[in-house]
>>> print(open('structure_38.cif').read())   # mmCIF, C-alpha atoms
data_work
#
loop_
_atom_site.label_atom_id
_atom_site.label_comp_id
_atom_site.auth_asym_id
_atom_site.auth_seq_id
_atom_site.Cartn_x
_atom_site.Cartn_y
_atom_site.Cartn_z
CA MET X 1 -20.67 -19.31 10.87
CA THR X 2 -23.55 -19.43 13.36
CA ARG X 3 -26.67 -17.33 12.77
CA ILE X 4 -28.57 -15.86 15.71
CA LEU X 5 -31.96 -14.19 15.91
CA LYS X 6 -32.58 -10.57 16.80
CA ARG X 7 -35.89 -8.97 17.70
CA GLY X 8 -37.72 -8.03 14.55
CA GLN X 9 -36.77 -11.31 12.92
CA LYS X 10 -33.45 -9.94 11.67
CA THR X 11 -30.56 -12.41 11.57
CA TYR X 12 -26.83 -11.89 12.00
CA PHE X 13 -23.68 -13.92 11.95
CA LYS X 14 -22.54 -14.46 15.52
CA GLU X 15 -18.97 -13.54 14.53
CA ASP X 16 -20.19 -10.19 13.18
CA VAL X 17 -21.87 -9.42 16.51
CA VAL X 18 -18.65 -10.17 18.44
CA ALA X 19 -16.71 -7.98 15.98
CA CYS X 20 -19.24 -5.17 16.48
CA LEU X 21 -18.90 -5.34 20.27
CA ALA X 22 -15.08 -5.30 20.00
CA ASP X 23 -15.03 -2.36 17.57
CA GLU X 24 -17.49 -0.40 19.72
CA THR X 25 -15.39 -1.08 22.83
CA MET X 26 -12.27 0.30 21.14
CA GLN X 27 -14.15 3.37 19.87
CA LYS X 28 -15.42 4.06 23.40
CA THR X 29 -11.83 3.74 24.64
CA PHE X 30 -10.71 6.31 22.06
CA THR X 31 -13.55 8.77 22.64
CA GLN X 32 -14.75 8.39 26.24
CA SER X 33 -11.55 8.32 28.28
CA GLU X 34 -9.06 11.06 29.12
CA TYR X 35 -6.09 8.71 29.47
CA GLY X 36 -6.82 6.08 26.81
CA ASN X 37 -7.81 3.49 29.39
CA ARG X 38 -11.00 1.44 29.74
CA ILE X 39 -12.09 -1.66 31.68
CA VAL X 40 -14.78 -3.83 30.12
CA PHE X 41 -16.51 -6.58 32.12
CA MET X 42 -17.78 -9.90 30.81
CA GLU X 43 -21.17 -9.24 32.43
CA GLU X 44 -21.54 -5.98 30.47
CA LEU X 45 -20.86 -7.77 27.21
CA GLN X 46 -23.34 -10.53 28.05
CA GLU X 47 -26.10 -8.04 28.89
CA GLU X 48 -25.47 -5.94 25.77
CA ALA X 49 -25.34 -8.96 23.45
CA LYS X 50 -28.58 -10.33 24.88
CA GLU X 51 -30.44 -7.03 24.84
CA ARG X 52 -29.38 -5.84 21.38
CA PHE X 53 -28.92 -9.09 19.45
CA ASN X 54 -30.70 -11.78 21.49
CA MET X 55 -27.32 -13.53 21.72
CA ASP X 56 -25.92 -15.68 24.52
CA PHE X 57 -22.37 -14.36 24.94
CA THR X 58 -20.26 -17.41 25.92
CA ASP X 59 -16.71 -17.92 27.18
CA GLU X 60 -15.72 -18.82 23.61
CA ASP X 61 -17.16 -15.52 22.40
CA TYR X 62 -15.18 -13.73 25.11
CA LYS X 63 -11.95 -15.30 23.78
CA SER X 64 -12.82 -14.18 20.25
CA PHE X 65 -13.62 -10.70 21.59
CA LYS X 66 -10.22 -10.51 23.29
CA THR X 67 -8.44 -11.68 20.13
CA LEU X 68 -10.09 -8.92 18.10
CA ILE X 69 -9.08 -6.30 20.68
CA THR X 70 -5.43 -7.41 20.50
CA LYS X 71 -5.39 -6.80 16.74
CA ASP X 72 -6.08 -3.07 17.06
CA GLU X 73 -2.93 -1.27 15.91
CA TYR X 74 -3.22 1.47 18.57
CA LEU X 75 -3.43 -0.94 21.51
CA LEU X 76 -0.57 -0.49 24.03
CA SER X 77 -1.49 -3.13 26.60
CA LEU X 78 -4.27 -5.56 27.48
CA ASP X 79 -4.66 -7.08 30.94
CA ASP X 80 -7.17 -9.91 31.15
CA ASN X 81 -6.84 -10.26 34.94
CA ALA X 82 -8.54 -6.99 35.76
CA GLY X 83 -11.69 -8.57 37.17
CA ILE X 84 -12.88 -8.28 40.74
CA LEU X 85 -13.38 -11.64 42.50
CA GLU X 86 -14.97 -13.99 39.96
CA SER X 87 -15.74 -11.34 37.32
CA LYS X 88 -13.92 -11.53 34.00
CA ALA X 89 -12.66 -8.19 32.72
CA LEU X 90 -10.19 -6.67 30.27
CA ASP X 91 -8.11 -3.58 31.08
CA ILE X 92 -7.49 -1.83 27.74
CA VAL X 93 -4.83 0.86 27.26
CA VAL X 94 -4.28 2.73 23.97
CA GLY X 95 -1.80 5.39 22.87
CA TYR X 96 -2.86 8.95 23.76
CA GLY X 97 -2.23 10.04 20.17
CA ARG X 98 -5.34 8.16 19.05
CA VAL X 99 -7.53 9.39 21.93
CA LYS X 100 -10.06 11.91 20.64
CA GLY X 101 -11.45 14.91 22.49
CA GLY X 102 -8.67 15.77 24.92
CA VAL X 103 -6.03 14.12 27.10
CA SER X 104 -5.08 15.15 30.65
CA GLY X 105 -1.56 15.65 31.96
CA LEU X 106 0.41 16.27 28.74
CA TRP X 107 3.61 18.29 28.64
CA GLU X 108 3.52 21.57 26.70
CA LYS X 109 5.29 20.11 23.63
CA GLU X 110 3.11 16.99 23.67
CA GLN X 111 0.00 19.15 23.98
CA ALA X 112 1.04 21.20 20.92
CA VAL X 113 1.48 18.02 18.86
CA TYR X 114 -1.83 16.65 20.14
CA ASP X 115 -3.67 19.89 19.27
CA GLN X 116 -2.16 19.85 15.79
CA LYS X 117 -3.32 16.27 15.33
CA GLU X 118 -6.84 17.10 16.47
CA GLN X 119 -7.01 20.08 14.09
CA LEU X 120 -5.94 17.93 11.15
CA TYR X 121 -8.58 15.36 12.13
CA ALA X 122 -11.29 18.06 12.34
CA ASP X 123 -10.32 19.39 8.90
CA LEU X 124 -10.48 15.90 7.38
CA LEU X 125 -13.79 15.10 9.08
CA LYS X 126 -15.29 18.27 7.65
CA LYS X 127 -14.02 17.31 4.19
CA HIS X 128 -15.03 13.63 4.51
CA PRO X 129 -18.11 13.24 6.76
CA MET X 130 -19.11 9.70 7.65
CA LYS X 131 -21.45 7.98 5.16
CA TYR X 132 -23.24 5.17 6.96
CA ASP X 133 -26.38 3.41 5.76
CA ALA X 134 -28.00 1.99 8.90
CA LYS X 135 -30.66 0.11 6.94
CA ALA X 136 -28.15 -1.65 4.68
CA GLU X 137 -25.63 -1.83 7.55
CA CYS X 138 -22.75 -0.67 5.38
CA LEU X 139 -20.24 2.17 5.43
CA TRP X 140 -18.53 4.00 2.57
CA LEU X 141 -15.00 5.14 3.38
CA PRO X 142 -13.64 8.38 1.81
CA ASP X 143 -11.78 6.41 -0.89
CA GLY X 144 -15.04 4.75 -2.02
CA THR X 145 -14.44 1.41 -0.31
CA ARG X 146 -17.63 -0.21 0.98
CA VAL X 147 -17.47 -1.93 4.38
CA ASN X 148 -20.28 -4.43 4.91
CA ASN X 149 -21.76 -5.92 8.10
CA VAL X 150 -21.37 -2.69 10.09
CA LEU X 151 -24.05 -3.21 12.70
CA SER X 152 -24.14 0.17 14.45
CA PRO X 153 -23.25 3.86 13.96
CA LEU X 154 -20.60 3.54 16.70
CA GLN X 155 -18.90 0.67 14.83
CA ALA X 156 -19.08 2.74 11.63
CA GLU X 157 -17.45 5.65 13.48
CA TYR X 158 -14.63 3.30 14.55
CA TYR X 159 -13.85 2.35 10.92
CA HIS X 160 -14.24 5.91 9.65
CA ASP X 161 -12.02 7.39 12.36
CA ASN X 162 -9.34 4.77 11.76
CA TYR X 163 -9.27 5.76 8.09
CA LEU X 164 -9.02 9.47 8.88
CA TYR X 165 -6.37 9.05 11.58
CA HIS X 166 -4.18 7.05 9.19
CA GLU X 167 -4.10 10.10 6.94
CA VAL X 168 -3.61 12.42 9.93
CA PHE X 169 -0.54 10.52 11.11
CA GLU X 170 0.86 10.34 7.58
CA ARG X 171 0.52 14.12 7.24
CA MET X 172 2.11 14.73 10.63
CA ALA X 173 5.03 12.45 9.73
CA GLN X 174 5.45 14.39 6.47
CA MET X 175 5.42 17.72 8.31
CA GLU X 176 7.94 16.42 10.85
CA PHE X 177 10.23 15.25 8.04
CA GLU X 178 10.06 18.59 6.24
CA ASN X 179 10.78 20.51 9.44
CA SER X 180 13.77 18.26 10.12
CA LEU X 181 14.99 18.72 6.54
CA LYS X 182 14.69 22.49 6.90
CA ASN X 183 16.80 22.55 10.07
CA GLU X 184 19.42 20.04 8.97
CA VAL X 185 19.81 20.86 5.25
CA LEU X 186 17.79 23.74 3.82
CA ASN X 187 19.19 26.28 6.29
CA GLN X 188 22.80 25.30 5.47
CA ASP X 189 25.10 26.87 2.86
CA ASN X 190 24.94 25.99 -0.85
CA LYS X 191 28.05 23.78 -0.78
CA TYR X 192 26.47 21.48 1.80
CA LYS X 193 23.16 21.40 -0.08
CA TYR X 194 24.99 20.47 -3.32
CA GLN X 195 26.62 17.55 -1.51
CA ILE X 196 23.35 16.27 -0.06
CA LEU X 197 21.50 16.64 -3.39
CA SER X 198 24.30 14.75 -5.16
CA THR X 199 24.07 11.98 -2.54
CA LEU X 200 20.31 11.76 -3.06
CA GLN X 201 20.79 11.45 -6.82
CA CYS X 202 23.36 8.67 -6.36
CA ASP X 203 20.91 6.87 -4.06
CA CYS X 204 18.28 7.01 -6.82
CA GLN X 205 20.63 5.34 -9.28
CA TYR X 206 21.61 2.69 -6.74
CA PHE X 207 17.94 2.08 -5.88
CA LEU X 208 17.21 1.40 -9.56
CA GLY X 209 20.28 -0.82 -9.92
CA ASN X 210 22.07 -2.94 -7.33
CA GLY X 211 19.90 -1.57 -4.53
CA ASN X 212 17.08 -3.85 -5.70
CA CYS X 213 14.41 -1.22 -4.87
CA HIS X 214 15.05 -1.42 -1.11
CA GLU X 215 13.92 1.85 0.48
CA LYS X 216 16.33 1.33 3.38
CA ASN X 217 19.13 2.19 0.93
CA LEU X 218 17.72 5.69 0.41
CA TRP X 219 18.97 8.70 2.37
CA ALA X 220 15.45 9.38 3.65
CA ASN X 221 14.62 5.66 4.17
CA ASN X 222 11.37 6.34 2.35
CA LEU X 223 10.72 6.79 -1.37
CA ASP X 224 8.21 9.64 -1.04
CA ASN X 225 10.37 11.54 1.45
CA HIS X 226 13.46 10.98 -0.68
CA ILE X 227 11.90 12.55 -3.76
CA ARG X 228 10.34 15.32 -1.67
CA ALA X 229 13.76 16.13 -0.20
CA MET X 230 15.26 16.41 -3.70
CA GLU X 231 12.46 18.76 -4.77
CA LEU X 232 12.78 20.99 -1.69
CA ILE X 233 16.59 21.16 -1.82
CA TYR X 234 16.59 22.00 -5.53
CA GLU X 235 13.96 24.72 -5.06
CA SER X 236 15.88 26.19 -2.12
CA PHE X 237 18.63 27.51 -4.45
CA ASP X 238 18.37 30.93 -6.05
CA GLU X 239 17.86 30.67 -9.82
CA GLN X 240 21.51 31.50 -10.63
CA ASP X 241 22.77 28.93 -8.09
CA LYS X 242 20.69 25.93 -9.19
CA PRO X 243 22.91 22.96 -10.17
CA VAL X 244 23.22 22.20 -13.89
CA TRP X 245 23.50 18.42 -13.35
CA ILE X 246 19.90 17.99 -12.19
CA ASN X 247 16.55 19.76 -12.63
CA ASN X 248 12.85 19.31 -11.83
CA GLU X 249 12.24 17.22 -14.96
CA MET X 250 14.98 14.78 -13.98
CA ILE X 251 13.63 14.54 -10.42
CA ASP X 252 10.15 13.78 -11.82
CA LEU X 253 11.69 11.10 -14.03
CA TYR X 254 13.48 9.53 -11.06
CA LYS X 255 10.17 9.50 -9.20
CA ASP X 256 8.40 7.78 -12.11
CA GLN X 257 11.15 5.21 -12.62
CA MET X 258 11.58 4.43 -8.93
CA TRP X 259 7.87 4.00 -8.23
CA THR X 260 7.56 1.90 -11.39
CA ALA X 261 10.37 -0.39 -10.23
CA SER X 262 9.06 -0.50 -6.65
CA LEU X 263 5.47 -1.30 -7.64
CA SER X 264 6.70 -3.92 -10.10
CA LYS X 265 8.67 -5.61 -7.33
CA GLN X 266 5.65 -5.45 -5.00
CA ALA X 267 3.42 -6.90 -7.73
CA ASN X 268 5.83 -9.80 -8.30
CA SER X 269 5.98 -10.54 -4.57
CA LEU X 270 2.17 -10.47 -4.35
CA CYS X 271 2.00 -12.73 -7.40
CA ASP X 272 4.14 -15.37 -5.69
CA ARG X 273 1.98 -15.26 -2.56
CA LEU X 274 -1.27 -15.33 -4.53
CA MET X 275 -0.16 -18.27 -6.67
CA GLU X 276 0.81 -20.18 -3.52
CA CYS X 277 -2.56 -19.36 -1.99
CA PHE X 278 -4.51 -20.33 -5.11
CA GLU X 279 -2.75 -23.70 -5.23
CA ASP X 280 -4.19 -24.43 -1.77
CA MET X 281 -7.75 -23.76 -2.90
CA ASP X 282 -9.79 -26.87 -3.57
CA PRO X 283 -10.99 -27.02 -6.23
CA TYR X 284 -8.68 -24.53 -7.94
CA GLU X 285 -10.94 -21.86 -9.41
CA ALA X 286 -8.94 -18.69 -8.75
CA MET X 287 -9.15 -16.11 -11.53
CA ASP X 288 -11.06 -18.70 -13.63
CA CYS X 289 -7.77 -19.94 -15.04
CA GLY X 290 -7.52 -23.47 -13.71
CA ASP X 291 -7.13 -25.01 -17.20
CA ILE X 292 -4.11 -22.94 -18.32
CA ASP X 293 -0.41 -23.38 -17.60
CA ILE X 294 1.23 -21.91 -14.50
CA ASP X 295 3.20 -19.18 -16.36
CA THR X 296 0.07 -17.89 -18.05
CA GLN X 297 -1.80 -17.99 -14.74
CA ARG X 298 0.91 -15.93 -13.08
CA HIS X 299 0.98 -13.44 -15.94
CA THR X 300 -2.82 -13.09 -15.70
CA VAL X 301 -2.59 -12.34 -11.97
CA TYR X 302 0.26 -9.84 -12.50
CA GLU X 303 -1.63 -7.96 -15.21
CA ALA X 304 -4.72 -7.82 -12.97
CA LEU X 305 -2.67 -6.29 -10.15
CA VAL X 306 -0.89 -3.58 -12.13
CA SER X 307 -4.03 -2.64 -14.08
CA LYS X 308 -6.14 -2.43 -10.87
CA LYS X 309 -8.52 -5.16 -12.07
CA THR X 310 -8.41 -7.07 -8.80
CA ASP X 311 -12.13 -7.70 -8.24
CA ASP X 312 -11.83 -11.40 -9.13
CA ILE X 313 -8.74 -11.82 -6.94
CA ILE X 314 -10.43 -10.17 -3.95
CA THR X 315 -13.63 -12.21 -4.45
CA ASP X 316 -11.65 -15.47 -4.56
CA LEU X 317 -9.72 -14.54 -1.42
CA GLU X 318 -12.88 -13.49 0.44
CA ASP X 319 -14.56 -16.81 -0.44
CA TYR X 320 -11.50 -18.80 0.62
CA LYS X 321 -11.24 -16.81 3.87
CA SER X 322 -14.89 -17.57 4.69
CA ALA X 323 -14.26 -21.27 4.06
CA CYS X 324 -11.36 -21.21 6.55
CA ALA X 325 -13.23 -19.24 9.24
CA GLY X 326 -14.68 -22.27 10.95
CA GLY X 327 -11.49 -24.33 11.09
CA ASP X 328 -8.03 -23.30 9.88
CA LEU X 329 -7.59 -20.00 11.74
CA GLU X 330 -3.89 -19.75 10.81
CA GLN X 331 -4.80 -19.91 7.13
CA TYR X 332 -7.65 -17.45 7.79
CA ASP X 333 -5.20 -14.86 9.17
CA LYS X 334 -2.83 -15.52 6.26
CA ILE X 335 -5.60 -14.85 3.72
CA GLN X 336 -6.69 -11.69 5.59
CA LYS X 337 -3.09 -10.37 5.47
CA LEU X 338 -2.92 -11.13 1.75
CA LEU X 339 -6.24 -9.35 1.18
CA ASP X 340 -4.99 -6.29 3.05
CA ASP X 341 -1.76 -6.24 1.02
CA VAL X 342 -3.62 -6.50 -2.31
CA LYS X 343 -5.84 -3.55 -1.34
CA LYS X 344 -2.82 -1.59 -0.09
CA PHE X 345 -1.01 -2.22 -3.38
CA GLU X 346 -4.05 -0.99 -5.29
CA LYS X 347 -3.99 2.19 -3.19
CA ASN X 348 -0.30 2.69 -3.95
CA VAL X 349 -1.00 2.45 -7.68
CA ASP X 350 -3.83 4.98 -7.23
CA SER X 351 -1.87 7.48 -5.15
CA HIS X 352 1.36 7.45 -7.16
CA TYR X 353 0.99 8.56 -10.75
CA VAL X 354 3.09 6.11 -12.72
CA LYS X 355 2.68 6.17 -16.48
CA ARG X 356 3.24 2.46 -16.84
CA PHE X 357 0.16 1.68 -14.73
CA ASP X 358 -2.05 4.47 -16.08
CA PRO X 359 -5.16 2.88 -17.68
CA HIS X 360 -5.24 5.68 -20.28
CA TYR X 361 -2.06 4.28 -21.82
CA ALA X 362 -2.97 1.75 -24.49
CA MET X 363 0.45 0.07 -24.49
CA SER X 364 0.29 -2.75 -21.95
CA ILE X 365 3.21 -5.00 -21.05
CA SER X 366 1.80 -7.79 -23.22
CA ALA X 367 1.53 -5.36 -26.15
CA VAL X 368 5.18 -4.35 -25.68
CA ARG X 369 6.20 -8.02 -25.71
CA ASP X 370 4.22 -8.64 -28.90
CA MET X 371 5.82 -5.66 -30.64
CA LEU X 372 9.39 -6.14 -29.38
CA GLU X 373 10.20 -9.83 -29.59
CA LYS X 374 13.71 -11.10 -28.95
CA GLY X 375 15.99 -10.20 -31.85
CA THR X 376 13.99 -7.14 -32.97
CA VAL X 377 16.24 -4.27 -34.10
CA ILE X 378 15.32 -0.85 -32.71
CA GLN X 379 16.76 2.65 -32.90
CA CYS X 380 16.85 5.02 -29.94
CA ASN X 381 15.71 8.45 -31.10
CA HIS X 382 15.91 10.01 -27.63
CA MET X 383 16.32 8.52 -24.16
CA ARG X 384 15.25 10.48 -21.08
CA ASP X 385 17.64 8.72 -18.70
CA PRO X 386 18.89 11.50 -16.43
CA SER X 387 22.44 10.19 -15.99
CA HIS X 388 23.99 8.44 -19.01
CA PRO X 389 21.42 8.05 -21.80
CA VAL X 390 22.04 6.02 -24.93
CA PRO X 391 23.00 8.53 -27.68
CA ASP X 392 20.30 9.49 -30.18
CA GLY X 393 20.42 7.36 -33.32
CA THR X 394 22.00 4.33 -31.60
CA ARG X 395 20.68 0.95 -32.71
CA GLY X 396 20.37 -2.22 -30.70
CA VAL X 397 18.86 -5.69 -30.51
CA VAL X 398 16.03 -6.54 -28.09
CA GLU X 399 16.89 -9.30 -25.63
CA GLN X 400 13.70 -9.38 -23.52
CA VAL X 401 10.83 -7.38 -22.02
CA ASP X 402 10.70 -7.78 -18.22
CA ASP X 403 7.65 -7.81 -15.93
CA ALA X 404 7.91 -4.04 -15.42
CA GLY X 405 7.62 -3.46 -19.17
CA LEU X 406 11.25 -2.32 -19.51
CA VAL X 407 13.05 -3.46 -22.68
CA HIS X 408 16.46 -5.07 -22.23
CA VAL X 409 18.59 -4.11 -25.24
CA LYS X 410 22.11 -4.93 -26.44
CA TRP X 411 23.11 -1.58 -27.98
CA GLU X 412 25.71 -1.35 -30.75
CA ASN X 413 27.85 0.99 -28.61
CA GLY X 414 28.14 -1.68 -25.90
CA SER X 415 25.64 -0.13 -23.49
CA GLY X 416 23.23 -2.39 -21.64
CA LEU X 417 20.85 0.38 -20.54
CA ASN X 418 17.17 -0.60 -20.56
CA LEU X 419 14.68 1.25 -22.76
CA ASP X 420 11.40 2.49 -21.28
CA PRO X 421 8.80 2.35 -24.11
CA LEU X 422 6.42 4.69 -22.25
CA VAL X 423 9.05 7.39 -21.73
CA ASP X 424 11.78 7.02 -24.35
CA ASP X 425 11.41 7.80 -28.07
CA PHE X 426 12.37 4.86 -30.32
CA GLU X 427 11.42 3.08 -33.52
CA VAL X 428 11.54 -0.47 -34.86
CA ILE X 429 13.92 -0.96 -37.81
CA GLU X 430 12.00 -3.43 -39.96
CA ASP X 431 13.96 -3.20 -43.22
CA GLU X 432 17.46 -3.56 -41.79
CA LEU X 433 18.01 -6.78 -39.85
CA ASP X 434 21.77 -6.92 -40.30
CA LEU X 435 22.44 -5.94 -36.69
CA GLY X 436 20.11 -8.56 -35.29
CA GLU X 437 21.32 -11.31 -37.63
CA LYS X 438 24.94 -10.47 -36.89
CA GLN X 439 24.36 -10.68 -33.11
CA GLN X 440 22.59 -14.05 -33.48
CA GLU X 441 25.52 -15.37 -35.58
CA ASP X 442 27.99 -14.16 -32.94
CA GLU X 443 26.01 -15.97 -30.23
CA LEU X 444 25.99 -19.19 -32.31
CA GLU X 445 29.77 -19.01 -32.77
CA LEU X 446 30.22 -18.64 -29.01
#
>>> encode(input="structure_38.cif", output="structure tokens")
Amino acid sequence: MTRILKRGQKTYFKEDVVACLADETMQKTFTQSEYGNRIVFMEELQEEAKERFNMDFTDEDYKSFKTLITKDEYLLSLDDNAGILESKALDIVVGYGRVKGGVSGLWEKEQAVYDQKEQLYADLLKKHPMKYDAKAECLWLPDGTRVNNVLSPLQAEYYHDNYLYHEVFERMAQMEFENSLKNEVLNQDNKYKYQILSTLQCDCQYFLGNGNCHEKNLWANNLDNHIRAMELIYESFDEQDKPVWINNEMIDLYKDQMWTASLSKQANSLCDRLMECFEDMDPYEAMDCGDIDIDTQRHTVYEALVSKKTDDIITDLEDYKSACAGGDLEQYDKIQKLLDDVKKFEKNVDSHYVKRFDPHYAMSISAVRDMLEKGTVIQCNHMRDPSHPVPDGTRGVVEQVDDAGLVHVKWENGSGLNLDPLVDDFEVIEDELDLGEKQQEDELEL
């Protein structure tokens, strides 16, 4: 990266200055236009860069500036032929939903939605005011994340607003879903609501089984909305009409099991991508585990993800991204996407209370594996599976502990249902190994 000099003997990375100008341009588009439209001229950028940062803004910088603008998720269109005569200019258009402070020409229904969005934003801004340190040039987002190299209050406002509007749009989507559910299901008769609730329960079981944790297989196409629909439908019944085949405890259990399975799948997918990325690093120093075998490396990365100890992973990725910045831009974008996904996964673990990933639980996956090796005989004292639990007192032989911490057991009654050591009540049968020895003999005969 190229350093440039600013008045006052303060130095910056040239790339950070271009990023600042791009972020400020988008924030001006969001806040200083009634229609979400703004034209920015090359000459304006050159004058601003020279005056504020003592930087010569070149054609190459203009290309980088344009690339950064195109990456904004609210951008609708970008016309780079908007200049007059020989002047270079970009015509930027963004969605009116992200424009702040009022939009002209909306229909009545659109205006009502826009006003609701603005009220939600105002409420969040009051709850989470911007925390920007101009001297240190860093910003703290409401979730505690620190954003470095923020060169101006306007750039800080851009990052802060983006964070708040993400939550605004999530809340509006949730409200829209609940209103739709009310009209289509909750206002119907009990027979129809029983049918829908039964369908939702079947979807949960399929999601945990052959559905392979794909949210597209759920009635609501979204895990959070699916569970929320079950809760609202169940609560919509009068006490005497509530179904006996499901209750709030079972819905909570489905939520825990489904998020556990989903996060485990996400963690495994991230593991594969991280291991592939780490293999490309030269020399291999990721996670300080270059001298251990590949399986142990992968297990170390997985445990770091699910226990939210990702500082080393993020540091390694940031360093590798910086090394690629001056040359391999394709790899740079790939690392940035991976970084974003790791941070998003960490947020998912934070925002969804799943016992398996709760740091207050002492029993980690590795501890479960140490305690329940293959061939260990256990007894199920009580299983909280909401559909067809293994009967209390049933014994079985452990076959394996998977990456989600679930115990695969061959039960004596023929069931193959997994045991969840953080939810189900069980005990290890240490003085009676007949069941385990008999199963091993049967396997040898086969």
>>> residues_around(input="structure_38.cif", residues="Leu76 in chain X", least_positions_apart="3", cutoff="7 Å", atoms="only C-alpha atoms", output="PDB file with C-alpha atoms, in the frame of the given file")
ATOM      1  CA  VAL X  93      -4.830   0.860  27.260  1.00  0.00           C
ATOM      2  CA  VAL X  94      -4.280   2.730  23.970  1.00  0.00           C
ATOM      3  CA  GLY X  95      -1.800   5.390  22.870  1.00  0.00           C
TER       4      GLY X  95
END
>>> atom_distance(input="structure_38.cif", atom1="CA of Asp252 in chain X", atom2="CA of Met172 in chain X")
23.9 Å
>>> closest_residue(input="structure_38.cif", among="X:Val342, X:Asp402, X:Glu330, X:Ala112", to="Thr315 in chain X", atoms="only C-alpha atoms")
X:Val342
>>> atom_distance(input="structure_38.cif", atom1="CA of Glu15 in chain X", atom2="CA of Ser64 in chain X")
8.4 Å
>>> closest_residue(input="structure_38.cif", among="X:Leu75, X:Lys10, X:Cys271, X:Arg384", to="Asn54 in chain X", atoms="all atoms listed in the file")
X:Lys10
>>> resolve_selection(input="structure_38.cif", expression="the PyMOL selection byres ((chain X and resi 140-143) around 8)", output="list in words")
His128, Met130, Lys131, Tyr132, Cys138, Leu139, Gly144, Thr145, Arg146, Val147, His160 and Tyr163 of chain X
>>> residues_around(input="structure_38.cif", residues="Leu417 in chain X", least_positions_apart="4", cutoff="9 Å", atoms="all atoms listed in the file", output="count of residues only")
8
>>> closest_residue(input="structure_38.cif", among="X:Leu164, X:Leu151, X:Leu208, X:Ser307", to="Lys126 in chain X", atoms="only C-alpha atoms")
X:Leu164
>>> residues_around(input="structure_38.cif", residues="Asn381 in chain X", least_positions_apart="3", cutoff="10 Å", atoms="only C-alpha atoms", output="list in words")
Ile378, Val390, Pro391, Asp392, Gly393, Thr394, Arg395, Asp424, Asp425, Phe426 and Glu427 of chain X
>>> atom_distance(input="structure_38.cif", atom1="CA of Ala267 in chain X", atom2="CA of Phe177 in chain X")
28.0 Å
>>> resolve_selection(input="structure_38.cif", expression="the PyMOL selection byres ((chain X and resi 153-159) around 12)", output="number ranges by chain")
X: 16-31, 72, 98-100, 125, 129-142, 145-152, 160-166
>>> residues_around(input="structure_38.cif", residues="Cys202 in chain X", least_positions_apart="5", cutoff="10 Å", atoms="all atoms listed in the file", output="PyMOL selection string")
chain X and resi 196-197+207+218-219+387
>>> resolve_selection(input="structure_38.cif", expression="the PyMOL selection byres ((chain X and resi 201) around 10)", output="list of chain:residue names")
X:Gln195, X:Ile196, X:Leu197, X:Ser198, X:Thr199, X:Leu200, X:Cys202, X:Asp203, X:Cys204, X:Gln205, X:Tyr206, X:Phe207, X:Leu218, X:Trp219, X:His226, X:Ile227, X:Met230, X:Trp245, X:Ile246, X:Met250, X:Ile251, X:Tyr254, X:Pro386, X:Ser387
>>> write_last_selection(input="structure_38.cif", atoms="C-alpha atoms", output="PDB file, in the frame of the given file")
ATOM      1  CA  GLN X 195      26.620  17.550  -1.510  1.00  0.00           C
ATOM      2  CA  ILE X 196      23.350  16.270  -0.060  1.00  0.00           C
ATOM      3  CA  LEU X 197      21.500  16.640  -3.390  1.00  0.00           C
ATOM      4  CA  SER X 198      24.300  14.750  -5.160  1.00  0.00           C
ATOM      5  CA  THR X 199      24.070  11.980  -2.540  1.00  0.00           C
ATOM      6  CA  LEU X 200      20.310  11.760  -3.060  1.00  0.00           C
ATOM      7  CA  CYS X 202      23.360   8.670  -6.360  1.00  0.00           C
ATOM      8  CA  ASP X 203      20.910   6.870  -4.060  1.00  0.00           C
ATOM      9  CA  CYS X 204      18.280   7.010  -6.820  1.00  0.00           C
ATOM     10  CA  GLN X 205      20.630   5.340  -9.280  1.00  0.00           C
ATOM     11  CA  TYR X 206      21.610   2.690  -6.740  1.00  0.00           C
ATOM     12  CA  PHE X 207      17.940   2.080  -5.880  1.00  0.00           C
ATOM     13  CA  LEU X 218      17.720   5.690   0.410  1.00  0.00           C
ATOM     14  CA  TRP X 219      18.970   8.700   2.370  1.00  0.00           C
ATOM     15  CA  HIS X 226      13.460  10.980  -0.680  1.00  0.00           C
ATOM     16  CA  ILE X 227      11.900  12.550  -3.760  1.00  0.00           C
ATOM     17  CA  MET X 230      15.260  16.410  -3.700  1.00  0.00           C
ATOM     18  CA  TRP X 245      23.500  18.420 -13.350  1.00  0.00           C
ATOM     19  CA  ILE X 246      19.900  17.990 -12.190  1.00  0.00           C
ATOM     20  CA  MET X 250      14.980  14.780 -13.980  1.00  0.00           C
ATOM     21  CA  ILE X 251      13.630  14.540 -10.420  1.00  0.00           C
ATOM     22  CA  TYR X 254      13.480   9.530 -11.060  1.00  0.00           C
ATOM     23  CA  PRO X 386      18.890  11.500 -16.430  1.00  0.00           C
ATOM     24  CA  SER X 387      22.440  10.190 -15.990  1.00  0.00           C
TER      25      SER X 387
END
>>> residues_near_point(input="structure_38.cif", point="(3.7, -15.6, 1.7)", cutoff="12 Å", atoms="all atoms listed in the file", output="MDAnalysis selection string")
chainID X and resid 268:278 331 333:339 341
